[in-house]
Amino acid sequence: MRVSTRGRYGLRAMLELADRNGQSPITLEELAGNLGVSGKYLYSLLNTLKEAGLVVTSRGPGGGFSLSRAPKEINARDVMLAVEGPLCLVECVEDKHTCNKSSECPARATWQNLAKVLETAMREITLESMAKPTKRRITSR
């Protein structure tokens with residue numbers, strides 16, 4: 001399994017927003033600069049996160065992007081599902097009709113179990129838990 005660039009930058013953007021939680025919104029330009037990506041690419045990504053209900057925007061002076069909820073209420077699964085789509089290791093787990101061997105495949109049950117384990121683990125990893133080690137490293141320099 002490989003997480004796409006979109007997934008990696010989506011999670012990094014959400015961590016940047018988590019670091020700013022409770023402060024003023026961050027502008028697209030500042031966030032793009034912090035992440036080292038183009039504003040156009042990031043805008044598309046943030047729009048996807050906004051449509052998923054994870055990000056809110058505010059207009060005007062002092063406007064920008066911020067989290068829709070507290071970092072402890074948003075998990076890695078929420079973010080990855082929004083930017084990557086369904087979290088399945090092989091297509092037949094999500095839709096058994098993608099393979100004509102699904103009903104007799106000895107490996108399908110294993111793939112289903114692995115998908116459950118992955119989803120459970122990603123639900124337990126919140127933005128708050130991911131951001132804490134980063135904050136400790138930055139403040140200890």
# chains A, B, ... in the order shown; residues from 1 in each chain; ligands from 1

call {"tool": "residues_around", "arguments": {"residues": "segment 86-99 of chain A", "least_positions_apart": "3", "cutoff": "9 Å", "atoms": "only C-alpha atoms", "output": "PyMOL selection string"}}
result
chain A and resi 1+77+80-82+102-103+108-109+111-112+114-115+118-119

call {"tool": "closest_atom_pairs", "arguments": {"of": "segment 64-90 of chain A", "to": "segment 32-42 of chain A", "cutoff": "12 Å", "atoms": "only C-alpha atoms", "output": "Markdown table"}}
result
| residue | atom | partner | partner_atom | distance |
| --- | --- | --- | --- | --- |
| A:Gly64 | CA | A:Ala32 | CA | 12.0 |
| A:Phe65 | CA | A:Leu42 | CA | 11.3 |
| A:Val83 | CA | A:Leu42 | CA | 11.8 |

call {"tool": "closest_residue", "arguments": {"among": "A:Arg2, A:Lys101, A:Arg8, A:Lys72", "to": "Ala131 of chain A", "atoms": "only C-alpha atoms"}}
result
A:Lys72

call {"tool": "atom_distance", "arguments": {"atom1": "atom CA of Pro71 of chain A", "atom2": "atom CA of Glu128 of chain A"}}
result
4.8 Å

call {"tool": "residues_around", "arguments": {"residues": "Gly22 of chain A", "least_positions_apart": "5", "cutoff": "12 Å", "atoms": "only C-alpha atoms", "output": "list of chain:residue names"}}
result
A:Leu17, A:Phe65, A:Ser66, A:Leu67, A:Ser68, A:Arg69, A:Ala70, A:Pro71

call {"tool": "write_last_selection", "arguments": {"atoms": "C-alpha atoms", "output": "PDB file, in the first residue's frame"}}
result
ATOM      1  CA  LEU A  17      -3.816  23.745  10.918  1.00  0.00           C
ATOM      2  CA  PHE A  65      -8.232  28.267   6.744  1.00  0.00           C
ATOM      3  CA  SER A  66      -8.710  26.542  10.085  1.00  0.00           C
ATOM      4  CA  LEU A  67      -9.876  23.205  11.448  1.00  0.00           C
ATOM      5  CA  SER A  68     -13.615  22.653  11.756  1.00  0.00           C
ATOM      6  CA  ARG A  69     -13.167  20.859  15.091  1.00  0.00           C
ATOM      7  CA  ALA A  70     -10.536  20.375  17.773  1.00  0.00           C
ATOM      8  CA  PRO A  71      -7.434  18.375  16.744  1.00  0.00           C
TER       9      PRO A  71
END

call {"tool": "closest_residue", "arguments": {"among": "A:Asp78, A:Ser58, A:Glu73, A:Cys105", "to": "Ile26 of chain A", "atoms": "only C-alpha atoms"}}
result
A:Ser58

call {"tool": "atom_distance", "arguments": {"atom1": "atom CA of Thr126 of chain A", "atom2": "atom CA of Glu16 of chain A"}}
result
13.4 Å

call {"tool": "select_by_dssp", "arguments": {"residues": "segment 19-124 of chain A", "states": "strand (DSSP E)", "output": "MDAnalysis selection string"}}
result
chainID A and resid 55:58 64:67

call {"tool": "closest_residue", "arguments": {"among": "A:Gly62, A:Leu46, A:Asn75, A:Glu29", "to": "Thr120 of chain A", "atoms": "only C-alpha atoms"}}
result
A:Asn75

call {"tool": "closest_residue", "arguments": {"among": "A:Gly85, A:Val55, A:Lys116, A:Gly60", "to": "Ser4 of chain A", "atoms": "only C-alpha atoms"}}
result
A:Gly85

call {"tool": "select_by_dssp", "arguments": {"residues": "chain A", "states": "alpha helix (DSSP H)", "output": "compact mmCIF listing (two decimals) with C-alpha atoms, in the first residue's frame"}}
result
# COMPACT_ATOMS: atom_id res chain seq x y z
CA THR A 5 1.32 12.71 -2.54
CA ARG A 6 -2.21 14.05 -2.09
CA GLY A 7 -2.61 11.98 1.07
CA ARG A 8 0.75 13.01 2.48
CA TYR A 9 0.20 16.72 1.83
CA GLY A 10 -3.39 16.51 3.05
CA LEU A 11 -2.22 15.16 6.38
CA ARG A 12 0.64 17.67 6.60
CA ALA A 13 -1.76 20.55 5.89
CA MET A 14 -4.10 19.32 8.61
CA LEU A 15 -1.18 19.12 11.06
CA GLU A 16 -0.22 22.71 10.23
CA LEU A 17 -3.82 23.74 10.92
CA ALA A 18 -3.77 21.74 14.16
CA ASP A 19 -0.65 23.64 15.27
CA LEU A 28 -3.37 29.91 1.67
CA GLU A 29 -0.08 31.63 0.84
CA GLU A 30 1.40 31.08 4.30
CA LEU A 31 0.29 27.46 4.42
CA ALA A 32 1.63 26.78 0.91
CA GLY A 33 4.95 28.35 1.92
CA ASN A 34 5.16 26.25 5.08
CA LEU A 35 4.46 23.06 3.13
CA GLY A 39 -1.03 27.53 -3.84
CA LYS A 40 -3.13 26.12 -6.67
CA TYR A 41 -2.44 22.52 -5.64
CA LEU A 42 -3.03 23.29 -1.98
CA TYR A 43 -6.27 25.14 -2.70
CA SER A 44 -7.62 22.05 -4.43
CA LEU A 45 -6.61 19.89 -1.48
CA LEU A 46 -8.10 22.27 1.08
CA ASN A 47 -11.34 22.43 -0.88
CA THR A 48 -11.58 18.63 -0.68
CA LEU A 49 -10.98 18.80 3.08
CA LYS A 50 -13.57 21.56 3.39
CA GLU A 51 -16.15 19.48 1.48
CA ALA A 76 -5.96 10.10 10.41
CA ARG A 77 -8.78 8.03 8.92
CA ASP A 78 -10.95 11.15 8.48
CA VAL A 79 -8.20 12.93 6.59
CA MET A 80 -7.10 10.01 4.43
CA LEU A 81 -10.67 9.07 3.56
CA ALA A 82 -11.34 12.64 2.46
CA VAL A 83 -8.28 12.98 0.21
CA GLU A 84 -7.58 9.38 -0.84
CA GLU A 91 -10.29 -3.70 -4.62
CA CYS A 92 -12.17 -6.91 -3.78
CA VAL A 93 -12.41 -5.92 -0.11
CA GLU A 94 -14.51 -2.90 -1.00
CA ARG A 108 -9.72 -12.29 0.60
CA ALA A 109 -10.45 -12.88 4.31
CA THR A 110 -6.88 -11.88 5.16
CA TRP A 111 -7.20 -8.68 3.13
CA GLN A 112 -10.49 -7.92 4.89
CA ASN A 113 -8.91 -8.44 8.32
CA LEU A 114 -5.93 -6.25 7.43
CA ALA A 115 -8.30 -3.51 6.22
CA LYS A 116 -10.13 -3.61 9.58
CA VAL A 117 -6.87 -3.41 11.51
CA LEU A 118 -5.68 -0.47 9.41
CA GLU A 119 -8.95 1.39 9.80
CA THR A 120 -9.02 0.84 13.57
CA ALA A 121 -5.45 2.05 13.95
CA MET A 122 -6.10 5.15 11.84
CA ARG A 123 -9.19 6.01 13.91
CA GLU A 124 -7.03 5.99 17.05
CA LEU A 127 -4.21 15.20 14.80
CA GLU A 128 -3.54 16.10 18.42
CA SER A 129 -1.52 12.93 19.02
CA MET A 130 0.46 13.44 15.80
CA ALA A 131 1.16 17.11 16.52
CA LYS A 132 2.44 16.66 20.09
CA PRO A 133 5.84 15.12 19.20
CA THR A 134 6.37 17.87 16.62
CA LYS A 135 5.71 20.59 19.19
CA ARG A 136 8.13 19.01 21.66
CA ARG A 137 10.90 18.83 19.05
CA ILE A 138 10.41 22.43 17.98
CA THR A 139 10.32 23.87 21.50

call {"tool": "atom_distance", "arguments": {"atom1": "atom CA of Ile74 of chain A", "atom2": "atom CA of Arg59 of chain A"}}
result
23.3 Å
